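As stored in upload_37.json (JSON, C-alpha atoms):
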```
[["chain", "number", "residue", "atom", "x", "y", "z"],
["A", 1497, "MET", "CA", -50.35, 87.94, 140.60],
["A", 1498, "LYS", "CA", -49.61, 87.43, 136.92],
["A", 1499, "GLU", "CA", -53.29, 86.67, 136.25],
["A", 1500, "LYS", "CA", -54.31, 89.80, 138.11],
["A", 1501, "GLY", "CA", -51.85, 91.84, 136.08],
["A", 1502, "PHE", "CA", -53.22, 90.42, 132.85],
["A", 1503, "ASP", "CA", -56.79, 91.17, 133.94],
["A", 1504, "GLU", "CA", -55.91, 94.76, 134.77],
["A", 1505, "ALA", "CA", -54.11, 95.20, 131.46],
["A", 1506, "SER", "CA", -57.09, 93.71, 129.61],
["A", 1507, "ARG", "CA", -59.52, 96.05, 131.40],
["A", 1508, "LYS", "CA", -57.35, 99.08, 130.62],
["A", 1509, "PHE", "CA", -57.03, 98.02, 126.94],
["A", 1510, "SER", "CA", -60.78, 97.52, 126.57],
["A", 1511, "ASP", "CA", -61.53, 100.89, 128.19],
["A", 1512, "GLU", "CA", -59.12, 102.68, 125.84],
["A", 1513, "LYS", "CA", -60.54, 100.97, 122.74],
["A", 1514, "ASN", "CA", -64.16, 101.11, 124.01],
["A", 1515, "ILE", "CA", -64.52, 97.40, 123.25],
["A", 1516, "GLN", "CA", -67.92, 95.85, 123.85],
["A", 1517, "PRO", "CA", -68.47, 92.08, 123.88],
["A", 1518, "PRO", "CA", -70.31, 90.65, 120.86],
["A", 1519, "GLN", "CA", -74.04, 90.04, 121.20],
["A", 1520, "SER", "CA", -73.46, 86.29, 121.13],
["A", 1521, "VAL", "CA", -71.21, 86.62, 124.19],
["A", 1522, "LYS", "CA", -73.77, 88.82, 125.97],
["A", 1523, "ARG", "CA", -76.52, 86.28, 125.29],
["A", 1524, "LYS", "CA", -74.32, 83.50, 126.66],
["A", 1525, "MET", "CA", -73.64, 85.58, 129.79],
["A", 1526, "MET", "CA", -77.35, 86.12, 130.41],
["A", 1527, "SER", "CA", -78.06, 82.45, 129.87],
["A", 1528, "ILE", "CA", -75.43, 81.49, 132.45],
["A", 1529, "ARG", "CA", -76.63, 84.20, 134.84],
["A", 1530, "SER", "CA", -80.20, 82.88, 134.72],
["A", 1531, "VAL", "CA", -79.16, 79.54, 136.21],
["A", 1532, "LEU", "CA", -76.94, 80.98, 138.94],
["A", 1533, "PRO", "CA", -78.30, 80.70, 142.51],
["A", 1534, "GLY", "CA", -79.89, 83.95, 143.74],
["A", 1535, "LYS", "CA", -77.77, 84.48, 146.85],
["A", 1536, "LYS", "CA", -75.60, 87.25, 148.15],
["A", 1537, "GLY", "CA", -72.90, 86.31, 145.71],
["A", 1538, "THR", "CA", -75.18, 87.00, 142.72],
["A", 1539, "SER", "CA", -74.02, 90.56, 142.10],
["A", 1540, "ARG", "CA", -70.45, 89.49, 142.59],
["A", 1541, "ALA", "CA", -70.94, 86.60, 140.13],
["A", 1542, "LEU", "CA", -72.41, 88.97, 137.58],
["A", 1543, "GLY", "CA", -69.42, 91.26, 138.02],
["A", 1544, "ILE", "CA", -67.09, 88.33, 137.42],
["A", 1545, "TRP", "CA", -68.93, 87.31, 134.27],
["A", 1546, "SER", "CA", -68.91, 90.87, 132.99],
["A", 1547, "HIS", "CA", -65.19, 90.95, 133.61],
["A", 1548, "VAL", "CA", -64.80, 87.68, 131.70],
["A", 1549, "ALA", "CA", -66.78, 89.11, 128.79],
["A", 1550, "VAL", "CA", -64.48, 92.13, 128.55],
["A", 1551, "THR", "CA", -61.45, 89.87, 128.58],
["A", 1552, "VAL", "CA", -62.97, 87.72, 125.83],
["A", 1553, "ALA", "CA", -63.66, 90.84, 123.78],
["A", 1554, "CYS", "CA", -60.03, 91.93, 124.16],
["A", 1555, "LEU", "CA", -58.80, 88.54, 123.01],
["A", 1556, "LEU", "CA", -61.16, 88.58, 120.04],
["A", 1557, "TYR", "CA", -59.86, 92.00, 119.05],
["A", 1558, "VAL", "CA", -56.23, 90.89, 119.26],
["A", 1559, "PHE", "CA", -56.57, 87.52, 117.54],
["A", 1560, "VAL", "CA", -59.19, 88.41, 114.93],
["A", 1561, "LEU", "CA", -58.29, 91.97, 113.94],
["A", 1562, "VAL", "CA", -54.72, 92.66, 115.04],
["A", 1563, "MET", "CA", -52.65, 89.48, 114.66],
["A", 1564, "PRO", "CA", -53.53, 88.65, 111.01],
["A", 1565, "ASN", "CA", -52.35, 92.09, 109.93],
["A", 1566, "ILE", "CA", -49.00, 92.10, 111.75],
["A", 1567, "SER", "CA", -47.95, 88.44, 111.56],
["A", 1568, "PRO", "CA", -47.57, 86.58, 108.23],
["A", 1569, "VAL", "CA", -47.31, 83.23, 110.06],
["A", 1570, "TYR", "CA", -50.52, 83.82, 112.01],
["A", 1571, "ALA", "CA", -52.34, 85.02, 108.90],
["A", 1572, "GLN", "CA", -51.29, 81.89, 106.99],
["A", 1573, "CYS", "CA", -52.64, 79.68, 109.77],
["A", 1574, "THR", "CA", -56.07, 81.30, 109.86],
["A", 1575, "GLY", "CA", -58.87, 80.60, 107.43],
["A", 1576, "ASP", "CA", -60.97, 83.02, 105.42],
["A", 1577, "THR", "CA", -63.40, 85.01, 107.55],
["A", 1578, "PRO", "CA", -65.93, 87.71, 106.70],
["A", 1579, "VAL", "CA", -64.27, 90.12, 109.16],
["A", 1580, "HIS", "CA", -61.37, 91.09, 106.89],
["A", 1581, "ARG", "CA", -61.59, 90.00, 103.26],
["A", 1582, "ASN", "CA", -58.10, 91.24, 102.44],
["A", 1583, "TRP", "CA", -56.32, 88.53, 104.37],
["A", 1584, "ILE", "CA", -53.97, 86.29, 102.41],
["A", 1585, "ARG", "CA", -53.55, 82.70, 103.50],
["A", 1586, "VAL", "CA", -50.91, 80.35, 102.08],
["A", 1587, "PHE", "CA", -51.08, 76.61, 102.72],
["A", 1588, "THR", "CA", -49.81, 73.36, 101.21],
["A", 1589, "VAL", "CA", -52.56, 72.04, 98.99],
["A", 1590, "ARG", "CA", -50.75, 68.83, 97.99],
["A", 1591, "ASN", "CA", -47.41, 67.01, 98.08],
["A", 1592, "TYR", "CA", -45.73, 64.98, 95.37],
["A", 1593, "SER", "CA", -43.48, 62.49, 97.09],
["A", 1594, "TYR", "CA", -41.46, 59.42, 96.20],
["A", 1595, "SER", "CA", -38.46, 57.66, 97.70],
["A", 1596, "ASP", "CA", -36.27, 54.67, 96.92],
["A", 1597, "PRO", "CA", -32.55, 54.05, 97.51],
["A", 1598, "ASN", "CA", -31.56, 56.04, 94.40],
["A", 1599, "HIS", "CA", -34.35, 58.55, 93.89],
["A", 1600, "GLU", "CA", -36.27, 61.03, 95.96],
["A", 1601, "MET", "CA", -38.99, 63.56, 95.32],
["A", 1602, "ASP", "CA", -40.59, 65.95, 97.80],
["A", 1603, "ILE", "CA", -42.62, 68.72, 96.17],
["A", 1604, "ALA", "CA", -44.77, 70.94, 98.38],
["A", 1605, "VAL", "CA", -47.42, 72.74, 96.33],
["A", 1606, "PRO", "CA", -48.59, 76.02, 97.89],
["A", 1607, "ASN", "CA", -52.00, 77.53, 97.36],
["A", 1608, "ILE", "CA", -52.97, 81.15, 97.97],
["A", 1609, "SER", "CA", -56.39, 81.86, 99.42],
["A", 1610, "ALA", "CA", -57.08, 85.58, 99.10],
["A", 1611, "PRO", "CA", -60.75, 86.66, 98.84],
["A", 1612, "GLY", "CA", -59.76, 90.27, 98.22],
["A", 1613, "TYR", "CA", -57.28, 89.37, 95.48],
["A", 1614, "SER", "CA", -58.92, 86.32, 93.92],
["A", 1615, "GLU", "CA", -57.87, 87.06, 90.33],
["A", 1616, "ALA", "CA", -54.18, 87.36, 91.21],
["A", 1617, "ALA", "CA", -54.35, 84.36, 93.56],
["A", 1618, "ASP", "CA", -56.05, 82.18, 90.93],
["A", 1619, "GLN", "CA", -53.43, 83.11, 88.34],
["A", 1620, "ILE", "CA", -50.55, 82.30, 90.67],
["A", 1621, "ASN", "CA", -52.16, 79.06, 91.85],
["A", 1622, "LYS", "CA", -52.66, 77.93, 88.24],
["A", 1623, "ASP", "CA", -49.04, 78.69, 87.37],
["A", 1624, "VAL", "CA", -47.75, 76.90, 90.48],
["A", 1625, "ASP", "CA", -49.97, 73.86, 89.85],
["A", 1626, "GLU", "CA", -48.80, 73.52, 86.25],
["A", 1627, "PHE", "CA", -45.15, 74.12, 87.16],
["A", 1628, "THR", "CA", -45.02, 71.59, 90.02],
["A", 1629, "ALA", "CA", -47.03, 68.99, 88.06],
["A", 1630, "LYS", "CA", -44.50, 69.28, 85.23],
["A", 1631, "LEU", "CA", -41.60, 68.78, 87.64],
["A", 1632, "ALA", "CA", -43.26, 65.66, 89.05],
["A", 1633, "GLU", "CA", -43.92, 64.32, 85.56],
["A", 1634, "GLN", "CA", -40.29, 64.89, 84.56],
["A", 1635, "PHE", "CA", -39.13, 63.06, 87.67],
["A", 1636, "TYR", "CA", -41.26, 60.00, 86.92],
["A", 1637, "ASN", "CA", -40.19, 60.00, 83.25],
["A", 1638, "GLU", "CA", -36.51, 60.05, 84.24],
["A", 1639, "LEU", "CA", -37.16, 57.37, 86.86],
["A", 1640, "GLU", "CA", -38.73, 55.11, 84.25],
["A", 1641, "ALA", "CA", -35.89, 55.76, 81.80],
["A", 1642, "VAL", "CA", -32.92, 55.07, 84.12],
["A", 1643, "GLY", "CA", -34.46, 52.75, 86.70],
["A", 1644, "ASP", "CA", -32.03, 51.79, 89.46],
["A", 1645, "LYS", "CA", -28.98, 52.64, 87.34],
["A", 1646, "GLY", "CA", -29.04, 56.35, 88.08],
["A", 1647, "TYR", "CA", -29.71, 58.82, 90.86],
["A", 1648, "GLY", "CA", -32.08, 61.74, 90.89],
["A", 1649, "ALA", "CA", -33.85, 64.00, 93.33],
["A", 1650, "ILE", "CA", -36.17, 67.00, 93.24],
["A", 1651, "PHE", "CA", -37.23, 69.15, 96.18],
["A", 1652, "VAL", "CA", -39.63, 72.09, 96.10],
["A", 1653, "ASP", "CA", -40.53, 74.26, 99.06],
["A", 1654, "TYR", "CA", -41.95, 77.76, 99.46],
["A", 1655, "GLU", "CA", -41.64, 80.82, 101.66],
["A", 1656, "VAL", "CA", -43.58, 84.04, 102.20],
["A", 1657, "LEU", "CA", -40.95, 86.75, 101.82],
["A", 1658, "MET", "CA", -43.20, 89.73, 102.50],
["A", 1659, "TYR", "CA", -46.64, 90.18, 103.99],
["A", 1660, "ARG", "CA", -47.42, 93.86, 104.40],
["A", 1661, "GLU", "CA", -50.47, 96.03, 104.14],
["A", 1662, "ASN", "CA", -49.52, 97.04, 100.59],
["A", 1663, "TRP", "CA", -47.42, 94.11, 99.34],
["A", 1664, "PHE", "CA", -47.22, 90.31, 99.30],
["A", 1665, "THR", "CA", -44.42, 88.07, 98.01],
["A", 1666, "LEU", "CA", -44.32, 84.29, 97.64],
["A", 1667, "LYS", "CA", -41.11, 82.43, 96.75],
["A", 1668, "LEU", "CA", -40.86, 78.90, 95.33],
["A", 1669, "ILE", "CA", -37.50, 77.21, 95.98],
["A", 1670, "VAL", "CA", -36.47, 74.39, 93.65],
["A", 1671, "ASN", "CA", -33.47, 72.12, 94.24],
["A", 1672, "SER", "CA", -32.75, 69.25, 91.86],
["A", 1673, "VAL", "CA", -30.01, 66.66, 91.43],
["A", 1674, "THR", "CA", -29.54, 64.74, 88.19],
["A", 1675, "GLY", "CA", -25.82, 64.14, 87.86],
["A", 1676, "SER", "CA", -25.14, 67.73, 88.95],
["A", 1677, "SER", "CA", -27.16, 69.87, 91.34],
["A", 1678, "ASN", "CA", -29.23, 72.88, 90.40],
["A", 1679, "SER", "CA", -31.28, 75.40, 92.34],
["A", 1680, "TYR", "CA", -33.56, 78.19, 91.22],
["A", 1681, "TYR", "CA", -36.55, 80.27, 92.30],
["A", 1682, "LYS", "CA", -39.95, 81.42, 91.11],
["A", 1683, "ILE", "CA", -41.11, 84.57, 92.86],
["A", 1684, "TYR", "CA", -44.60, 86.06, 92.76],
["A", 1685, "ASN", "CA", -45.47, 89.59, 93.90],
["A", 1686, "ILE", "CA", -48.94, 91.03, 94.53],
["A", 1687, "ASP", "CA", -49.58, 94.74, 94.89],
["A", 1688, "ARG", "CA", -52.23, 94.72, 97.62],
["A", 1689, "ASN", "CA", -53.31, 98.26, 96.73],
["A", 1690, "THR", "CA", -54.45, 97.18, 93.27],
["A", 1691, "GLY", "CA", -54.85, 93.43, 93.78],
["A", 1692, "LYS", "CA", -52.69, 92.74, 90.71],
["A", 1693, "ILE", "CA", -49.59, 90.66, 90.11],
["A", 1694, "VAL", "CA", -46.51, 92.83, 89.56],
["A", 1695, "THR", "CA", -43.77, 91.71, 87.20],
["A", 1696, "PHE", "CA", -40.30, 93.24, 87.17],
["A", 1697, "SER", "CA", -40.94, 95.53, 84.21],
["A", 1698, "ASP", "CA", -44.10, 96.85, 85.88],
["A", 1699, "LEU", "CA", -41.95, 98.57, 88.51],
["A", 1700, "PHE", "CA", -40.22, 101.06, 86.25],
["A", 1701, "CYS", "CA", -41.06, 104.26, 84.43],
["A", 1702, "THR", "CA", -38.25, 103.91, 81.88],
["A", 1703, "SER", "CA", -37.68, 101.32, 79.18],
["A", 1704, "ASP", "CA", -33.93, 101.03, 79.82],
["A", 1705, "PHE", "CA", -34.40, 99.75, 83.39],
["A", 1706, "GLY", "CA", -32.60, 96.50, 82.49],
["A", 1707, "LYS", "CA", -29.46, 98.31, 81.47],
["A", 1708, "VAL", "CA", -29.52, 100.50, 84.59],
["A", 1709, "ILE", "CA", -30.06, 97.57, 86.98],
["A", 1710, "LYS", "CA", -27.43, 95.44, 85.25],
["A", 1711, "GLN", "CA", -24.85, 98.23, 85.55],
["A", 1712, "ASP", "CA", -25.55, 98.49, 89.28],
["A", 1713, "ILE", "CA", -25.12, 94.73, 89.69],
["A", 1714, "MET", "CA", -21.91, 94.68, 87.63],
["A", 1715, "GLU", "CA", -20.41, 97.33, 89.91],
["A", 1716, "GLN", "CA", -21.37, 95.25, 92.95],
["A", 1717, "MET", "CA", -19.77, 92.16, 91.43],
["A", 1718, "LYS", "CA", -16.49, 94.02, 90.90],
["A", 1719, "GLU", "CA", -16.56, 95.42, 94.43],
["A", 1720, "ARG", "CA", -17.13, 91.96, 95.90],
["A", 1721, "THR", "CA", -14.32, 90.34, 93.95],
["A", 1722, "GLU", "CA", -11.94, 93.14, 94.92],
["A", 1723, "GLU", "CA", -12.75, 92.52, 98.58],
["A", 1724, "ASN", "CA", -12.62, 88.73, 98.24],
["A", 1725, "ASN", "CA", -10.62, 87.23, 95.39],
["A", 1726, "THR", "CA", -12.17, 83.80, 95.91],
["A", 1727, "LEU", "CA", -15.49, 85.07, 94.55],
["A", 1728, "ILE", "CA", -16.16, 84.61, 90.85],
["A", 1729, "TYR", "CA", -18.82, 86.29, 88.72],
["A", 1730, "PHE", "CA", -19.28, 86.50, 84.96],
["A", 1731, "THR", "CA", -18.14, 90.12, 84.83],
["A", 1732, "ASP", "CA", -16.02, 89.53, 81.73],
["A", 1733, "LYS", "CA", -18.89, 87.81, 79.93],
["A", 1734, "GLU", "CA", -21.64, 90.39, 80.15],
["A", 1735, "ASP", "CA", -23.46, 89.00, 77.14],
["A", 1736, "MET", "CA", -24.03, 85.71, 79.02],
["A", 1737, "TRP", "CA", -26.80, 87.19, 81.14],
["A", 1738, "GLU", "CA", -29.38, 89.94, 80.98],
["A", 1739, "ILE", "CA", -32.05, 91.52, 83.17],
["A", 1740, "SER", "CA", -35.36, 90.41, 81.70],
["A", 1741, "ASP", "CA", -38.88, 91.82, 81.93],
["A", 1742, "LYS", "CA", -39.81, 88.77, 84.04],
["A", 1743, "GLN", "CA", -36.75, 88.92, 86.28],
["A", 1744, "ASN", "CA", -37.17, 87.43, 89.76],
["A", 1745, "PHE", "CA", -37.22, 90.10, 92.45],
["A", 1746, "TYR", "CA", -38.47, 90.91, 95.92],
["A", 1747, "PHE", "CA", -38.39, 93.74, 98.43],
["A", 1748, "ASN", "CA", -36.68, 92.95, 101.72],
["A", 1749, "GLU", "CA", -37.81, 94.14, 105.14],
["A", 1750, "ASN", "CA", -35.88, 97.38, 104.67],
["A", 1751, "GLY", "CA", -37.79, 98.14, 101.47],
["A", 1752, "GLU", "CA", -34.75, 97.44, 99.30],
["A", 1753, "LEU", "CA", -35.08, 95.80, 95.89],
["A", 1754, "VAL", "CA", -33.27, 92.44, 95.78],
["A", 1755, "ILE", "CA", -32.41, 90.55, 92.59],
["A", 1756, "PRO", "CA", -31.78, 86.81, 93.17],
["A", 1757, "PHE", "CA", -30.22, 84.76, 90.38],
["A", 1758, "ASP", "CA", -30.48, 81.08, 89.60],
["A", 1759, "LYS", "CA", -27.48, 78.85, 90.07],
["A", 1760, "TYR", "CA", -25.08, 79.13, 87.08],
["A", 1761, "GLU", "CA", -26.88, 82.23, 85.78],
["A", 1762, "VAL", "CA", -24.30, 84.91, 86.64],
["A", 1763, "ALA", "CA", -21.59, 82.85, 88.33],
["A", 1764, "PRO", "CA", -20.16, 79.32, 88.50],
["A", 1765, "GLY", "CA", -22.17, 76.70, 90.36],
["A", 1766, "SER", "CA", -19.86, 76.98, 93.38],
["A", 1767, "MET", "CA", -21.30, 80.46, 94.00],
["A", 1768, "GLY", "CA", -24.80, 79.10, 94.56],
["A", 1769, "ASN", "CA", -27.63, 81.59, 94.06],
["A", 1770, "PRO", "CA", -26.15, 85.10, 94.26],
["A", 1771, "GLU", "CA", -28.37, 87.98, 95.32],
["A", 1772, "PHE", "CA", -27.82, 91.69, 94.80],
["A", 1773, "THR", "CA", -29.49, 94.58, 96.59],
["A", 1774, "ILE", "CA", -30.02, 97.53, 94.27],
["A", 1775, "SER", "CA", -28.96, 100.87, 95.71],
["A", 1776, "LYS", "CA", -31.84, 103.23, 96.49],
["A", 1777, "GLY", "CA", -30.02, 105.96, 94.61],
["A", 1778, "THR", "CA", -30.23, 103.89, 91.44],
["A", 1779, "LEU", "CA", -33.72, 102.61, 92.14],
["A", 1780, "ASN", "CA", -35.43, 105.89, 92.97],
["A", 1781, "CYS", "CA", -34.45, 107.33, 89.60],
["A", 1782, "ILE", "CA", -36.37, 104.70, 87.65],
["A", 1783, "LEU", "CA", -39.04, 103.40, 90.04],
["A", 1784, "LYS", "CA", -42.66, 104.36, 89.33],
["A", 1785, "PRO", "CA", -44.18, 106.79, 91.88],
["A", 1786, "GLU", "CA", -46.79, 104.26, 93.02],
["A", 1787, "TYR", "CA", -44.05, 101.94, 94.27],
["A", 1788, "GLN", "CA", -41.92, 104.57, 96.00],
["A", 1789, "SER", "CA", -43.73, 103.98, 99.31],
["A", 1790, "ILE", "CA", -42.37, 100.42, 99.49],
["A", 1791, "THR", "CA", -38.77, 101.64, 99.51],
["A", 1792, "SER", "CA", -39.29, 104.53, 101.91]]
```

I'd like the structure from this file rewritten - as structure tokens, please.
Amino acid sequence: MKEKGFDEASRKFSDEKNIQPPQSVKRKMMSIRSVLPGKKGTSRALGIWSHVAVTVACLLYVFVLVMPNISPVYAQCTGDTPVHRNWIRVFTVRNYSYSDPNHEMDIAVPNISAPGYSEAADQINKDVDEFTAKLAEQFYNELEAVGDKGYGAIFVDYEVLMYRENWFTLKLIVNSVTGSSNSYYKIYNIDRNTGKIVTFSDLFCTSDFGKVIKQDIMEQMKERTEENNTLIYFTDKEDMWEISDKQNFYFNENGELVIPFDKYEVAPGSMGNPEFTISKGTLNCILKPEYQSITS
């Protein structure tokens, strides 16, 4: 019964979308039909094969045209195809790994394959390659210097934070231990409308965006500490941190601008990596018109 229900749903979907099977499928059908015995069941067999072709066409439509544009995970798992050149695929191109009783390294190096945004992808891939290679080199240099007398570890992973029709965000996550632990991020954003990498300063139409964003974050810090006195931020040492032109940022699923900080950057190490969501009231006053659609 379930198969029958699926067949009926597939037929209805194909009728609504006016989906026709590809020529290659039609040719295969005719080839199979030509070797079928010419008995009473021939017309019925042809009807079955026609039904199969429609079902195949539905599946091709879903998996080739629909899924890559609604699912980041599916899109990452599919290769480049000539059907939709604006797909973005992220995969691990190499791993740096090492392990002994006192030291460990596990660095996953992502690579972006994006035919429609090749310039931005190449630039990010180059930066990631150089950055991760440097981390691996530092690890081996420290290993050679301390031998089995010390302990050290470095871990790098990555995550796609956003994959939308107009925006893409990749996040590198670095955790290291060399006496004390540290964690920080590198975040890359691509505007899929222009195919260009977007830095933090690119978002704003005013030059004092850093001051405005910092004020919003300072107010959030004070609110958090008032609600929970165990939280500690560097609110009394404002000159210890600033909002830079290259500040890490991403837009969450609600279209809100999020500012993540590295460990120790705006708070003691016990606070980890604090993140602050900028209020839309603050953001809409300084955000360029071309990026307003992301927050709406």

Item to complete: Find the residues near stretch 1768-1783 of chain A: any atom within 7 Å, counting all atoms listed in the file, skip ones fewer than 6 places away on the same chain, and give them as an MDAnalysis selection string.
Response: chainID A and resid 1699:1702 1705 1712:1713 1752:1759

Distance query A:Met1658 at most 12 Å, all atoms listed in the file, self and fewer than 4 positions along chain excluded, as a short mmCIF file (atom, residue, chain, number, x, y, z; two decimals) with C-alpha atoms, in the frame of the given file:
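Wrote around18.cif, looks like this:
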```
data_model
loop_
_atom_site.label_atom_id
_atom_site.label_comp_id
_atom_site.auth_asym_id
_atom_site.auth_seq_id
_atom_site.Cartn_x
_atom_site.Cartn_y
_atom_site.Cartn_z
CA ILE A 1566 -49.00 92.10 111.75
CA SER A 1567 -47.95 88.44 111.56
CA PRO A 1568 -47.57 86.58 108.23
CA VAL A 1569 -47.31 83.23 110.06
CA ILE A 1584 -53.97 86.29 102.41
CA ASN A 1662 -49.52 97.04 100.59
CA TRP A 1663 -47.42 94.11 99.34
CA PHE A 1664 -47.22 90.31 99.30
CA THR A 1665 -44.42 88.07 98.01
CA LEU A 1666 -44.32 84.29 97.64
CA LYS A 1667 -41.11 82.43 96.75
CA ILE A 1683 -41.11 84.57 92.86
CA TYR A 1684 -44.60 86.06 92.76
CA ASN A 1685 -45.47 89.59 93.90
CA ILE A 1686 -48.94 91.03 94.53
CA ASP A 1687 -49.58 94.74 94.89
CA ARG A 1688 -52.23 94.72 97.62
CA PHE A 1745 -37.22 90.10 92.45
CA TYR A 1746 -38.47 90.91 95.92
CA PHE A 1747 -38.39 93.74 98.43
CA ASN A 1748 -36.68 92.95 101.72
CA GLU A 1749 -37.81 94.14 105.14
CA ASN A 1750 -35.88 97.38 104.67
CA GLY A 1751 -37.79 98.14 101.47
CA GLU A 1752 -34.75 97.44 99.30
CA ILE A 1790 -42.37 100.42 99.49
#
```

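We find atom CA of A:Met1601 and atom CA of A:Glu1638 to be spaced 11.9 Å apart.
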
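Atom pair atom CA of A:Asn1582 / atom CA of A:Pro1606: separated by 18.5 Å.
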
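Residues with any atom within 7 Å of stretch 1730-1736 of chain A, counting only C-alpha atoms and excluding same-chain neighbours fewer than 5 positions away, are Met1714, Val1762 and Ala1763 of chain A.
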